[in-house]
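Visitor: Just dropping this structure here.
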Amino acid sequence: MMFEFRVQAVCPETGARAGELVTPHGIIETPVFMPVGTRATVKAMSPREMEEIEAQIVLSNTYHLYLRPGVELIEKAGGLHRFMNWHRPILTDSGGFQVFSLSGINRIKEDGVEFSSHLDGSRHFMTPELATRVQEGLGSDIAMCFDQCVELPCDEETARKSVERTLRWARRCKEVHRRDDQALFGIVQGALFDDLRKDCARELIAMDFPGYSIGGLSVGESHDEMYRILDLLNPILPQEKPRYLMGVGFPTNLVEGVARGVDMFDCVLPTRNGRNGTLLTSRGKFNIKHSRFEEDWGPIDPDCDCYACREFSKAYIRHLYRSGEMLGARLCSWHNLRYLISLMKGAREAILEGRFPQFRDRFHELFSTGKV
Ligand SMILES: Nc1nc2c(CCNCC3CCCCC3)c3[nH]c(NCCc4ccccc4)nc3cc2c(=O)[nH]1
Ligand SMILES: [Zn+2]
């Protein structure tokens with residue numbers, strides 16, 4: 001069995017799940033936070049260091065790799081795992097979101113999206129078929145359908161059109177997808193409209209994907225609006241299939257997403273924020289640049305077991321950061337990634353031991369103190 005998802009425990013109070021996702025490159029224990037490696041590397045982290053922080057799966061991206069170095073080169077290298085020397089699972093996004101958020105002038109046609117490369121302005125035409133073929137060439141374990149994510153706020157008519165197009169494109173991706181060692185996930189769209197979200201989910205479920213992504217969120221809506229959509233989809237999406245909430249996110253959103261039946265998360269936050277000195281800790285977030293840390297000899301987070309927290313003081317990391325030293329960005333990214341990976345590991349253990357509601361309350365109590 002190339003791909004299998006086993007729910008091992010469900011929290012009776014919330015519906016939070018602990019599970020195992022079996023892939024050709026290993027088993028992923030869920031809930032899981034998936035570090036983002038846009039250009040075939042998690043910025044400032046080597047694969048060995050990613051293993052040390054117990055990263056189980058990393059993300060990469062069709063849009064970026066298609067533009068540079070091109071999927072042909074990566075296929076010649078024997079696929080993305082060999083190319084980047086990461087032999088655990090990889091999930092690739094289809095590029096739909098990036099084409100809209102990163103590239104210049106894009107024009108949506110029924111067939112696909114015409115766009116200009118953010119690298120050199122060259123014109124390209126991405127279709128569901130091409131996005132699927134590129135992901136098969138990259139050889140990721142989990143691939144995404146080519147979807148259309150709309151910006152919020154948007155009117156119902158615009159959202160409905162994006163759902164209908166996303167469904168037509170999902171059928172076309174499924175039609176050309178050949179690799180049986182790669183799971184293709186459908187992506188639910190529908191903005192913040194309940195009926196559109198339900199219709200989209202039902203149509204995708206009828207196509208019988210091995211997993212379902214919840215797209216179109218973490219694009220400017222309030223936390224409450226995000227949670228309302230999750231509450232809506234949780235009972236509709238198949239319980240025995242993994243659910244992936246795209247682009248999320250901040251620690252509170254991860255814990256609240258787990259409480260609403262989400263199994264997988266990704267976000268650029270820990271590495272992007274890490275590079276500008278913003279640290280996520282069990283007691284809230286802070287920026288290392290602040291003068292109050294000038295003579296603070298303690299660790300970033302007393303409850304964290306990572307290399308940065310075991311071996312260095314906030315005073316030293318603040319110095320590195322202010323001096324523009326690469327080690328500063330590396331240590332902050334290292335910690336932020338480990339913090340989110342540990343947070344999900346803790347949620348999983350709590351669900352398995354039947355104490356997730358207490359874990360959730362304790363998390364919010366500590367994280368919201370903001371006292372560091
Ligand atoms: N197909 C698709 N992807 C989406 C993504 C990209 C998920 N990350 C992929 C990853 C692959 C490797 C390269 C990087 C991206 C989203 N990201 C967000 N919010 C991020 C909001 C955010 C949060 C913190 C900082 C910046 C932006 N909403 C998203 C919705 C969708 C969606 O509907 N469809
Ligand atoms: Zn740490």
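Each chain in the structure tokens gets a letter, A, B, ..., in the order shown, and its residues are numbered from 1; ligands are numbered from 1 in order too.
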Can you list, as a short mmCIF file (atom, residue, chain, number, x, y, z; two decimals) with C-alpha atoms, in the first residue's frame, every protein, DNA or RNA residue that comes within 10 Å of A:Arg179 when you count only C-alpha atoms, leaving out same-chain residues fewer than 3 positions away?

Guide:
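Result written to around-v1.cif:
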```
data_model
loop_
_atom_site.label_atom_id
_atom_site.label_comp_id
_atom_site.auth_asym_id
_atom_site.auth_seq_id
_atom_site.Cartn_x
_atom_site.Cartn_y
_atom_site.Cartn_z
CA ARG A 133 3.09 16.69 -14.84
CA GLN A 135 4.75 17.51 -9.72
CA GLU A 136 5.06 13.99 -11.13
CA GLY A 137 8.48 14.96 -12.51
CA GLY A 139 8.41 13.07 -7.58
CA ASP A 141 4.93 12.06 -2.23
CA VAL A 176 -3.72 13.07 -16.33
CA GLN A 182 2.20 10.02 -5.35
CA ALA A 183 -1.06 11.06 -3.65
CA LEU A 184 -2.97 13.87 -5.39
#
```

Visitor: Go through stretch 56-124 of chain A and flag each residue having an atom no more than 12 Å from stretch 202-221 of chain A; for those, report the closest pair of atoms plus their distance in Å to one decimal, using only C-alpha atoms, ordered by chain and rising number, as a Markdown table.

Guide:
```
| residue | atom | partner | partner_atom | distance |
| --- | --- | --- | --- | --- |
| A:Leu91 | CA | A:Ser213 | CA | 11.8 |
| A:Asp93 | CA | A:Ser213 | CA | 10.4 |
| A:Ser94 | CA | A:Ser213 | CA | 11.7 |
| A:Gly96 | CA | A:Gly215 | CA | 10.6 |
| A:Phe97 | CA | A:Gly216 | CA | 9.0 |
| A:Ser101 | CA | A:Val219 | CA | 10.5 |
```

Visitor: Go through A:Pro251, A:Gly15, A:Pro299, A:Gly37 one by one, measure the shortest atom-to-atom distance of each to ligand 1 using only C-alpha atoms and all ligand atoms, and give the residue with the smallest value.

Guide: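 The answer is A:Gly37, which sits nearest to ligand 1.
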
Visitor: With only C-alpha atoms and all ligand atoms counted, collect every polymer residue having an atom within 10 Å of ligand 2; state the result as a short mmCIF file (atom, residue, chain, number, x, y, z; two decimals) with N, CA, C and O atoms, in the first residue's frame.

Guide:
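Written output follows (pocket18.cif):
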```cif
data_model
loop_
_atom_site.label_atom_id
_atom_site.label_comp_id
_atom_site.auth_asym_id
_atom_site.auth_seq_id
_atom_site.Cartn_x
_atom_site.Cartn_y
_atom_site.Cartn_z
N ILE A 53 15.70 18.45 14.13
CA ILE A 53 14.51 19.07 14.77
C ILE A 53 13.26 18.23 14.52
O ILE A 53 12.15 18.67 14.78
N LEU A 279 10.48 35.76 17.26
CA LEU A 279 10.55 34.41 17.81
C LEU A 279 9.22 33.97 18.38
O LEU A 279 8.53 34.74 19.05
N LEU A 280 8.87 32.71 18.09
CA LEU A 280 7.62 32.13 18.62
C LEU A 280 8.00 31.26 19.81
O LEU A 280 8.91 30.43 19.69
N THR A 281 7.38 31.48 20.96
CA THR A 281 7.73 30.65 22.12
C THR A 281 6.46 30.22 22.84
O THR A 281 5.38 30.75 22.57
N SER A 282 6.61 29.31 23.79
CA SER A 282 5.44 28.81 24.53
C SER A 282 4.77 29.96 25.29
O SER A 282 3.59 29.90 25.62
N PRO A 299 17.72 31.51 27.75
CA PRO A 299 17.41 30.96 26.42
C PRO A 299 16.19 31.66 25.82
O PRO A 299 15.43 32.34 26.52
N ILE A 300 16.01 31.48 24.51
CA ILE A 300 14.82 32.02 23.82
C ILE A 300 13.57 31.50 24.53
O ILE A 300 12.65 32.27 24.84
N ASP A 301 13.53 30.18 24.80
CA ASP A 301 12.34 29.58 25.42
C ASP A 301 12.78 28.52 26.42
O ASP A 301 13.37 27.51 26.02
N PRO A 302 12.53 28.71 27.71
CA PRO A 302 12.98 27.74 28.72
C PRO A 302 12.39 26.34 28.53
O PRO A 302 12.97 25.36 28.97
N ASP A 303 11.23 26.28 27.83
CA ASP A 303 10.59 24.96 27.64
C ASP A 303 11.02 24.30 26.34
O ASP A 303 10.47 23.28 25.95
N CYS A 304 12.00 24.91 25.61
CA CYS A 304 12.36 24.36 24.30
C CYS A 304 13.67 23.59 24.39
O CYS A 304 14.60 23.99 25.08
N ASP A 305 13.73 22.45 23.63
CA ASP A 305 14.91 21.58 23.68
C ASP A 305 15.84 21.79 22.48
O ASP A 305 16.73 21.00 22.23
N CYS A 306 15.61 22.88 21.73
CA CYS A 306 16.38 22.99 20.48
C CYS A 306 17.80 23.50 20.73
O CYS A 306 18.12 24.07 21.78
N TYR A 307 18.66 23.35 19.74
CA TYR A 307 20.08 23.74 19.81
C TYR A 307 20.22 25.21 20.20
O TYR A 307 21.03 25.56 21.06
N ALA A 308 19.39 26.08 19.59
CA ALA A 308 19.50 27.51 19.88
C ALA A 308 19.20 27.77 21.36
O ALA A 308 19.89 28.55 22.02
N CYS A 309 18.18 27.09 21.91
CA CYS A 309 17.77 27.32 23.30
C CYS A 309 18.69 26.64 24.30
O CYS A 309 18.84 27.12 25.43
N ARG A 310 19.33 25.54 23.86
CA ARG A 310 20.21 24.83 24.81
C ARG A 310 21.56 25.52 24.92
O ARG A 310 22.19 25.53 25.98
N GLU A 311 22.03 26.13 23.79
CA GLU A 311 23.45 26.52 23.73
C GLU A 311 23.70 28.01 23.68
O GLU A 311 24.84 28.45 23.77
N PHE A 312 22.65 28.84 23.52
CA PHE A 312 22.93 30.27 23.32
C PHE A 312 21.99 31.14 24.14
O PHE A 312 20.85 30.76 24.40
N LEU A 331 19.76 30.57 13.77
CA LEU A 331 19.33 30.11 15.11
C LEU A 331 17.86 30.46 15.36
O LEU A 331 17.12 29.68 15.97
N CYS A 332 17.43 31.63 14.86
CA CYS A 332 16.01 32.01 15.06
C CYS A 332 15.09 31.10 14.25
O CYS A 332 14.05 30.65 14.73
N SER A 333 15.49 30.78 13.00
CA SER A 333 14.68 29.86 12.17
C SER A 333 14.64 28.48 12.81
O SER A 333 13.59 27.85 12.91
N TRP A 334 15.84 28.07 13.26
CA TRP A 334 15.97 26.74 13.89
C TRP A 334 14.97 26.60 15.04
O TRP A 334 14.19 25.66 15.12
N HIS A 335 14.98 27.64 15.91
CA HIS A 335 14.08 27.57 17.08
C HIS A 335 12.61 27.60 16.65
O HIS A 335 11.80 26.78 17.10
N ASN A 336 12.26 28.54 15.78
CA ASN A 336 10.84 28.67 15.39
C ASN A 336 10.31 27.38 14.78
O ASN A 336 9.17 26.96 15.06
N LEU A 337 11.12 26.74 13.95
CA LEU A 337 10.68 25.49 13.32
C LEU A 337 10.50 24.41 14.38
O LEU A 337 9.48 23.73 14.44
N ARG A 338 11.48 24.32 15.28
CA ARG A 338 11.41 23.29 16.32
C ARG A 338 10.21 23.54 17.24
O ARG A 338 9.50 22.60 17.63
N TYR A 339 9.94 24.83 17.49
CA TYR A 339 8.81 25.16 18.38
C TYR A 339 7.49 24.65 17.78
O TYR A 339 6.69 24.00 18.45
N LEU A 340 7.27 24.92 16.49
CA LEU A 340 6.00 24.50 15.86
C LEU A 340 5.94 22.98 15.71
O LEU A 340 4.88 22.37 15.90
N SER A 342 7.39 20.82 17.70
CA SER A 342 7.14 20.31 19.06
C SER A 342 5.70 20.55 19.50
O SER A 342 5.08 19.72 20.15
#
```

Visitor: Here is a test: counting only C-alpha atoms, which residue of A:Ile57, A:Leu196, A:Leu327, A:Cys267 is nearest to A:Ser162?

Guide: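 When distances to A:Ser162 are compared using only C-alpha atoms, the smallest one comes from A:Leu196.
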
Visitor: What residues of the protein or nucleic acid chains come within 9 Å of ligand 1 when you use only C-alpha atoms and all ligand atoms? Reply as a PyMOL selection string.

Guide: chain A and resi 35-40+58-64+91-98+144-150+187-189+213-220+245-250+265-270+272-273

Visitor: Residues near A:Phe293, anyone? I mean within 12 Å using only C-alpha atoms, not counting same-chain ones fewer than 2 positions away, as a PDB file with all heavy atoms, in the first residue's frame.

Guide:
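File written: part25.pdb
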```pdb
ATOM      1  N   PHE A 286       8.047  37.379  20.489  1.00  0.00           N
ATOM      2  CA  PHE A 286       8.766  38.644  20.731  1.00  0.00           C
ATOM      3  C   PHE A 286       9.822  38.802  19.650  1.00  0.00           C
ATOM      4  O   PHE A 286      10.122  37.854  18.928  1.00  0.00           O
ATOM      5  CB  PHE A 286       9.419  38.652  22.119  1.00  0.00           C
ATOM      6  CG  PHE A 286      10.439  37.570  22.346  1.00  0.00           C
ATOM      7  CD1 PHE A 286      11.770  37.747  21.977  1.00  0.00           C
ATOM      8  CD2 PHE A 286      10.068  36.360  22.935  1.00  0.00           C
ATOM      9  CE1 PHE A 286      12.709  36.751  22.182  1.00  0.00           C
ATOM     10  CE2 PHE A 286      11.009  35.355  23.143  1.00  0.00           C
ATOM     11  CZ  PHE A 286      12.333  35.549  22.776  1.00  0.00           C
ATOM     12  N   ASN A 287      10.384  40.030  19.550  1.00  0.00           N
ATOM     13  CA  ASN A 287      11.470  40.231  18.584  1.00  0.00           C
ATOM     14  C   ASN A 287      12.780  40.405  19.331  1.00  0.00           C
ATOM     15  O   ASN A 287      12.889  41.235  20.226  1.00  0.00           O
ATOM     16  CB  ASN A 287      11.197  41.452  17.687  1.00  0.00           C
ATOM     17  CG  ASN A 287      12.111  41.387  16.458  1.00  0.00           C
ATOM     18  OD1 ASN A 287      13.334  41.407  16.624  1.00  0.00           O
ATOM     19  ND2 ASN A 287      11.522  41.240  15.285  1.00  0.00           N
ATOM     20  N   ILE A 288      13.757  39.614  18.938  1.00  0.00           N
ATOM     21  CA  ILE A 288      15.052  39.557  19.625  1.00  0.00           C
ATOM     22  C   ILE A 288      15.797  40.895  19.562  1.00  0.00           C
ATOM     23  O   ILE A 288      16.669  41.159  20.390  1.00  0.00           O
ATOM     24  CB  ILE A 288      15.905  38.406  19.043  1.00  0.00           C
ATOM     25  CG1 ILE A 288      17.069  38.042  19.969  1.00  0.00           C
ATOM     26  CG2 ILE A 288      16.423  38.754  17.655  1.00  0.00           C
ATOM     27  CD1 ILE A 288      16.638  37.406  21.283  1.00  0.00           C
ATOM     28  N   LYS A 289      15.379  41.759  18.626  1.00  0.00           N
ATOM     29  CA  LYS A 289      16.097  43.046  18.475  1.00  0.00           C
ATOM     30  C   LYS A 289      15.886  43.959  19.682  1.00  0.00           C
ATOM     31  O   LYS A 289      16.634  44.886  19.933  1.00  0.00           O
ATOM     32  CB  LYS A 289      15.579  43.789  17.224  1.00  0.00           C
ATOM     33  CG  LYS A 289      16.055  43.220  15.916  1.00  0.00           C
ATOM     34  CD  LYS A 289      15.514  44.016  14.719  1.00  0.00           C
ATOM     35  CE  LYS A 289      14.097  43.602  14.377  1.00  0.00           C
ATOM     36  NZ  LYS A 289      13.652  44.066  13.037  1.00  0.00           N
ATOM     37  N   HIS A 290      14.786  43.693  20.448  1.00  0.00           N
ATOM     38  CA  HIS A 290      14.413  44.622  21.531  1.00  0.00           C
ATOM     39  C   HIS A 290      15.566  44.809  22.532  1.00  0.00           C
ATOM     40  O   HIS A 290      16.231  43.841  22.913  1.00  0.00           O
ATOM     41  CB  HIS A 290      13.170  44.092  22.249  1.00  0.00           C
ATOM     42  CG  HIS A 290      12.447  45.150  23.009  1.00  0.00           C
ATOM     43  ND1 HIS A 290      12.904  45.620  24.221  1.00  0.00           N
ATOM     44  CD2 HIS A 290      11.336  45.878  22.711  1.00  0.00           C
ATOM     45  CE1 HIS A 290      12.089  46.570  24.654  1.00  0.00           C
ATOM     46  NE2 HIS A 290      11.121  46.750  23.749  1.00  0.00           N
ATOM     47  N   SER A 291      15.745  46.057  22.967  1.00  0.00           N
ATOM     48  CA  SER A 291      16.866  46.380  23.869  1.00  0.00           C
ATOM     49  C   SER A 291      16.772  45.639  25.193  1.00  0.00           C
ATOM     50  O   SER A 291      17.777  45.440  25.874  1.00  0.00           O
ATOM     51  CB  SER A 291      16.894  47.898  24.134  1.00  0.00           C
ATOM     52  OG  SER A 291      15.629  48.277  24.640  1.00  0.00           O
ATOM     53  N   GLU A 295      21.132  42.297  27.944  1.00  0.00           N
ATOM     54  CA  GLU A 295      21.920  41.531  28.936  1.00  0.00           C
ATOM     55  C   GLU A 295      21.112  40.355  29.468  1.00  0.00           C
ATOM     56  O   GLU A 295      21.230  39.977  30.640  1.00  0.00           O
ATOM     57  CB  GLU A 295      22.344  42.461  30.077  1.00  0.00           C
ATOM     58  CG  GLU A 295      23.270  43.559  29.578  1.00  0.00           C
ATOM     59  CD  GLU A 295      23.866  44.381  30.727  1.00  0.00           C
ATOM     60  OE1 GLU A 295      23.754  43.934  31.893  1.00  0.00           O
ATOM     61  OE2 GLU A 295      24.435  45.440  30.440  1.00  0.00           O
ATOM     62  N   ASP A 296      20.267  39.793  28.550  1.00  0.00           N
ATOM     63  CA  ASP A 296      19.438  38.647  28.967  1.00  0.00           C
ATOM     64  C   ASP A 296      20.188  37.361  28.641  1.00  0.00           C
ATOM     65  O   ASP A 296      20.305  36.969  27.485  1.00  0.00           O
ATOM     66  CB  ASP A 296      18.094  38.710  28.205  1.00  0.00           C
ATOM     67  CG  ASP A 296      17.147  37.612  28.657  1.00  0.00           C
ATOM     68  OD1 ASP A 296      17.654  36.518  29.017  1.00  0.00           O
ATOM     69  OD2 ASP A 296      15.926  37.833  28.656  1.00  0.00           O
ATOM     70  N   TRP A 297      20.738  36.702  29.647  1.00  0.00           N
ATOM     71  CA  TRP A 297      21.603  35.534  29.459  1.00  0.00           C
ATOM     72  C   TRP A 297      20.802  34.241  29.329  1.00  0.00           C
ATOM     73  O   TRP A 297      21.376  33.176  29.125  1.00  0.00           O
ATOM     74  CB  TRP A 297      22.617  35.433  30.597  1.00  0.00           C
ATOM     75  CG  TRP A 297      23.261  36.749  30.869  1.00  0.00           C
ATOM     76  CD1 TRP A 297      23.135  37.534  31.984  1.00  0.00           C
ATOM     77  CD2 TRP A 297      24.062  37.511  29.954  1.00  0.00           C
ATOM     78  NE1 TRP A 297      23.811  38.715  31.845  1.00  0.00           N
ATOM     79  CE2 TRP A 297      24.385  38.732  30.606  1.00  0.00           C
ATOM     80  CE3 TRP A 297      24.536  37.288  28.651  1.00  0.00           C
ATOM     81  CZ2 TRP A 297      25.171  39.718  29.988  1.00  0.00           C
ATOM     82  CZ3 TRP A 297      25.306  38.270  28.048  1.00  0.00           C
ATOM     83  CH2 TRP A 297      25.626  39.463  28.714  1.00  0.00           C
ATOM     84  N   GLY A 298      19.484  34.330  29.414  1.00  0.00           N
ATOM     85  CA  GLY A 298      18.637  33.124  29.358  1.00  0.00           C
ATOM     86  C   GLY A 298      18.343  32.692  27.928  1.00  0.00           C
ATOM     87  O   GLY A 298      18.639  33.415  26.980  1.00  0.00           O
ATOM     88  N   PRO A 299      17.719  31.507  27.750  1.00  0.00           N
ATOM     89  CA  PRO A 299      17.409  30.958  26.421  1.00  0.00           C
ATOM     90  C   PRO A 299      16.192  31.660  25.819  1.00  0.00           C
ATOM     91  O   PRO A 299      15.435  32.336  26.519  1.00  0.00           O
ATOM     92  CB  PRO A 299      17.109  29.491  26.693  1.00  0.00           C
ATOM     93  CG  PRO A 299      16.530  29.488  28.074  1.00  0.00           C
ATOM     94  CD  PRO A 299      17.272  30.581  28.816  1.00  0.00           C
ATOM     95  N   ILE A 300      16.010  31.476  24.508  1.00  0.00           N
ATOM     96  CA  ILE A 300      14.820  32.016  23.822  1.00  0.00           C
ATOM     97  C   ILE A 300      13.574  31.504  24.530  1.00  0.00           C
ATOM     98  O   ILE A 300      12.653  32.273  24.840  1.00  0.00           O
ATOM     99  CB  ILE A 300      14.814  31.552  22.351  1.00  0.00           C
ATOM    100  CG1 ILE A 300      15.952  32.209  21.556  1.00  0.00           C
ATOM    101  CG2 ILE A 300      13.469  31.832  21.686  1.00  0.00           C
ATOM    102  CD1 ILE A 300      16.153  31.614  20.166  1.00  0.00           C
ATOM    103  N   SER A 313      22.474  32.342  24.476  1.00  0.00           N
ATOM    104  CA  SER A 313      21.635  33.288  25.238  1.00  0.00           C
ATOM    105  C   SER A 313      20.913  34.223  24.285  1.00  0.00           C
ATOM    106  O   SER A 313      21.315  34.409  23.138  1.00  0.00           O
ATOM    107  CB  SER A 313      22.551  34.140  26.140  1.00  0.00           C
ATOM    108  OG  SER A 313      23.336  34.997  25.308  1.00  0.00           O
ATOM    109  N   LYS A 314      19.869  34.844  24.783  1.00  0.00           N
ATOM    110  CA  LYS A 314      19.146  35.856  23.990  1.00  0.00           C
ATOM    111  C   LYS A 314      20.094  37.038  23.695  1.00  0.00           C
ATOM    112  O   LYS A 314      20.090  37.595  22.607  1.00  0.00           O
ATOM    113  CB  LYS A 314      17.912  36.336  24.741  1.00  0.00           C
ATOM    114  CG  LYS A 314      16.801  35.302  24.815  1.00  0.00           C
ATOM    115  CD  LYS A 314      15.431  35.931  25.042  1.00  0.00           C
ATOM    116  CE  LYS A 314      15.088  36.166  26.484  1.00  0.00           C
ATOM    117  NZ  LYS A 314      15.019  34.998  27.333  1.00  0.00           N
ATOM    118  N   ALA A 315      20.952  37.354  24.662  1.00  0.00           N
ATOM    119  CA  ALA A 315      21.883  38.480  24.463  1.00  0.00           C
ATOM    120  C   ALA A 315      22.787  38.229  23.254  1.00  0.00           C
ATOM    121  O   ALA A 315      22.976  39.108  22.404  1.00  0.00           O
ATOM    122  CB  ALA A 315      22.725  38.691  25.722  1.00  0.00           C
ATOM    123  N   TYR A 316      23.293  36.992  23.169  1.00  0.00           N
ATOM    124  CA  TYR A 316      24.205  36.670  22.060  1.00  0.00           C
ATOM    125  C   TYR A 316      23.451  36.681  20.730  1.00  0.00           C
ATOM    126  O   TYR A 316      23.910  37.255  19.741  1.00  0.00           O
ATOM    127  CB  TYR A 316      24.829  35.292  22.297  1.00  0.00           C
ATOM    128  CG  TYR A 316      25.686  34.814  21.137  1.00  0.00           C
ATOM    129  CD1 TYR A 316      26.852  35.505  20.785  1.00  0.00           C
ATOM    130  CD2 TYR A 316      25.314  33.699  20.387  1.00  0.00           C
ATOM    131  CE1 TYR A 316      27.632  35.086  19.722  1.00  0.00           C
ATOM    132  CE2 TYR A 316      26.083  33.271  19.321  1.00  0.00           C
ATOM    133  CZ  TYR A 316      27.241  33.967  18.989  1.00  0.00           C
ATOM    134  OH  TYR A 316      27.995  33.547  17.924  1.00  0.00           O
ATOM    135  N   ILE A 317      22.257  36.065  20.716  1.00  0.00           N
ATOM    136  CA  ILE A 317      21.496  35.999  19.452  1.00  0.00           C
ATOM    137  C   ILE A 317      21.079  37.404  19.023  1.00  0.00           C
ATOM    138  O   ILE A 317      21.113  37.752  17.840  1.00  0.00           O
ATOM    139  CB  ILE A 317      20.286  35.044  19.601  1.00  0.00           C
ATOM    140  CG1 ILE A 317      20.795  33.621  19.855  1.00  0.00           C
ATOM    141  CG2 ILE A 317      19.396  35.072  18.363  1.00  0.00           C
ATOM    142  CD1 ILE A 317      19.702  32.615  20.194  1.00  0.00           C
ATOM    143  N   ARG A 318      20.762  38.255  20.013  1.00  0.00           N
ATOM    144  CA  ARG A 318      20.438  39.655  19.680  1.00  0.00           C
ATOM    145  C   ARG A 318      21.654  40.325  19.027  1.00  0.00           C
ATOM    146  O   ARG A 318      21.537  41.026  18.013  1.00  0.00           O
ATOM    147  CB  ARG A 318      20.042  40.411  20.951  1.00  0.00           C
ATOM    148  CG  ARG A 318      19.740  41.880  20.726  1.00  0.00           C
ATOM    149  CD  ARG A 318      19.225  42.559  21.995  1.00  0.00           C
ATOM    150  NE  ARG A 318      18.969  43.967  21.769  1.00  0.00           N
ATOM    151  CZ  ARG A 318      19.914  44.913  21.874  1.00  0.00           C
ATOM    152  NH1 ARG A 318      21.175  44.569  22.204  1.00  0.00           N
ATOM    153  NH2 ARG A 318      19.625  46.179  21.646  1.00  0.00           N
ATOM    154  N   HIS A 319      22.856  40.064  19.587  1.00  0.00           N
ATOM    155  CA  HIS A 319      24.084  40.642  19.012  1.00  0.00           C
ATOM    156  C   HIS A 319      24.256  40.166  17.559  1.00  0.00           C
ATOM    157  O   HIS A 319      24.510  40.956  16.651  1.00  0.00           O
ATOM    158  CB  HIS A 319      25.305  40.234  19.836  1.00  0.00           C
ATOM    159  CG  HIS A 319      26.585  40.268  19.055  1.00  0.00           C
ATOM    160  ND1 HIS A 319      27.134  41.461  18.599  1.00  0.00           N
ATOM    161  CD2 HIS A 319      27.363  39.270  18.568  1.00  0.00           C
ATOM    162  CE1 HIS A 319      28.230  41.188  17.907  1.00  0.00           C
ATOM    163  NE2 HIS A 319      28.384  39.859  17.857  1.00  0.00           N
ATOM    164  N   TYR A 321      22.054  39.092  15.539  1.00  0.00           N
ATOM    165  CA  TYR A 321      21.015  39.627  14.673  1.00  0.00           C
ATOM    166  C   TYR A 321      21.335  41.074  14.289  1.00  0.00           C
ATOM    167  O   TYR A 321      21.339  41.451  13.114  1.00  0.00           O
ATOM    168  CB  TYR A 321      19.646  39.540  15.360  1.00  0.00           C
ATOM    169  CG  TYR A 321      18.601  39.945  14.389  1.00  0.00           C
ATOM    170  CD1 TYR A 321      18.170  39.048  13.429  1.00  0.00           C
ATOM    171  CD2 TYR A 321      18.167  41.263  14.327  1.00  0.00           C
ATOM    172  CE1 TYR A 321      17.292  39.441  12.448  1.00  0.00           C
ATOM    173  CE2 TYR A 321      17.288  41.665  13.349  1.00  0.00           C
ATOM    174  CZ  TYR A 321      16.864  40.756  12.399  1.00  0.00           C
ATOM    175  OH  TYR A 321      16.027  41.147  11.420  1.00  0.00           O
ATOM    176  N   ARG A 322      21.695  41.871  15.309  1.00  0.00           N
ATOM    177  CA  ARG A 322      21.965  43.301  15.056  1.00  0.00           C
ATOM    178  C   ARG A 322      23.216  43.474  14.180  1.00  0.00           C
ATOM    179  O   ARG A 322      23.366  44.477  13.488  1.00  0.00           O
ATOM    180  CB  ARG A 322      22.136  44.044  16.384  1.00  0.00           C
ATOM    181  CG  ARG A 322      20.791  44.326  17.065  1.00  0.00           C
ATOM    182  CD  ARG A 322      20.965  44.693  18.527  1.00  0.00           C
ATOM    183  NE  ARG A 322      21.971  45.718  18.729  1.00  0.00           N
ATOM    184  CZ  ARG A 322      21.731  47.027  18.690  1.00  0.00           C
ATOM    185  NH1 ARG A 322      20.520  47.447  18.407  1.00  0.00           N
ATOM    186  NH2 ARG A 322      22.669  47.908  18.903  1.00  0.00           N
ATOM    187  N   VAL A 372       7.580  37.674  28.410  1.00  0.00           N
ATOM    188  CA  VAL A 372       8.832  36.973  28.139  1.00  0.00           C
ATOM    189  C   VAL A 372       9.974  37.742  28.768  1.00  0.00           C
ATOM    190  O   VAL A 372       9.935  38.976  28.761  1.00  0.00           O
ATOM    191  CB  VAL A 372       9.132  36.835  26.625  1.00  0.00           C
ATOM    192  CG1 VAL A 372       9.656  35.448  26.366  1.00  0.00           C
ATOM    193  CG2 VAL A 372       7.908  37.051  25.772  1.00  0.00           C
TER     194      VAL A 372
END
```

Visitor: Report the residues of stretch 190-260 of chain A whose backbone DSSP state falls under helix (DSSP H, G or I), written as an MDAnalysis selection string.

Guide: chainID A and resid 194:206 223:233 251:259

Visitor: When you draw a straight line from atom CA of A:Leu167 to atom CA of A:Lys109, how long is it in Å?

Guide: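 Computing it gives 14.6 Å between the two atoms.
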
Visitor: I want to know what sits within 10 Å of stretch 82-84 of chain A, based on only C-alpha atoms, with residues of the same chain fewer than 2 positions away left out; could you give that as a PyMOL selection string?

Guide: chain A and resi 39-41+46-47+73-80+86-87+138-139

Visitor: From a backbone DSSP assignment, name each residue in stretch 33-105 of chain A labelled strand (DSSP E), as a ChimeraX atom specification.

Guide: /A:33-35,58-61,90-93,104-105

Visitor: Which is closer to A:Asn85 than all the others in A:Arg123, A:His25, A:Arg48, A:Arg165, using only C-alpha atoms?

Guide: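 Once distances to A:Asn85 are computed over only C-alpha atoms, the minimum belongs to A:Arg48.
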
Visitor: Would you kindly return, as a list of chain:residue names, each protein, DNA or RNA residue with an atom no farther than 12 Å from any atom of A:Thr23, considering only C-alpha atoms and excluding same-chain residues fewer than 3 positions away?

Guide: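 Neighbouring residues, sequence-local ones excluded: A:Met1, A:Met2, A:Phe3, A:Glu4, A:Phe5, A:Arg6, A:Glu20, A:Gly26, A:Ile27, A:Ile28, A:Glu29, A:Gln56, A:Ile57, A:His87, A:Arg88, A:Pro89, A:Ile90, A:Leu91, A:Ser140, A:Asp141, A:Ile142, A:Asp180, A:Asp181, A:Gln182, A:Ala183, A:Pro210.
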
Visitor: Quick one: everything within 12 Å of A:Asp224, counting only C-alpha atoms, minus sequence neighbours fewer than 5 positions away in the same chain. Send it as an MDAnalysis selection string.

Guide: chainID A and resid 192 217:218 229:231 252:253 256:257

Visitor: Calculate how many Å separate atom CA of A:Asp194 from atom CA of A:Val255, rounding to one decimal.

Guide: 22.7 Å

Visitor: Could you give me, as an MDAnalysis selection string, the residues within 12 Å of A:Glu365, counting only C-alpha atoms and dropping anything in the same chain fewer than 5 positions from it?

Guide: chainID A and resid 252 282:284 358:360 370:371
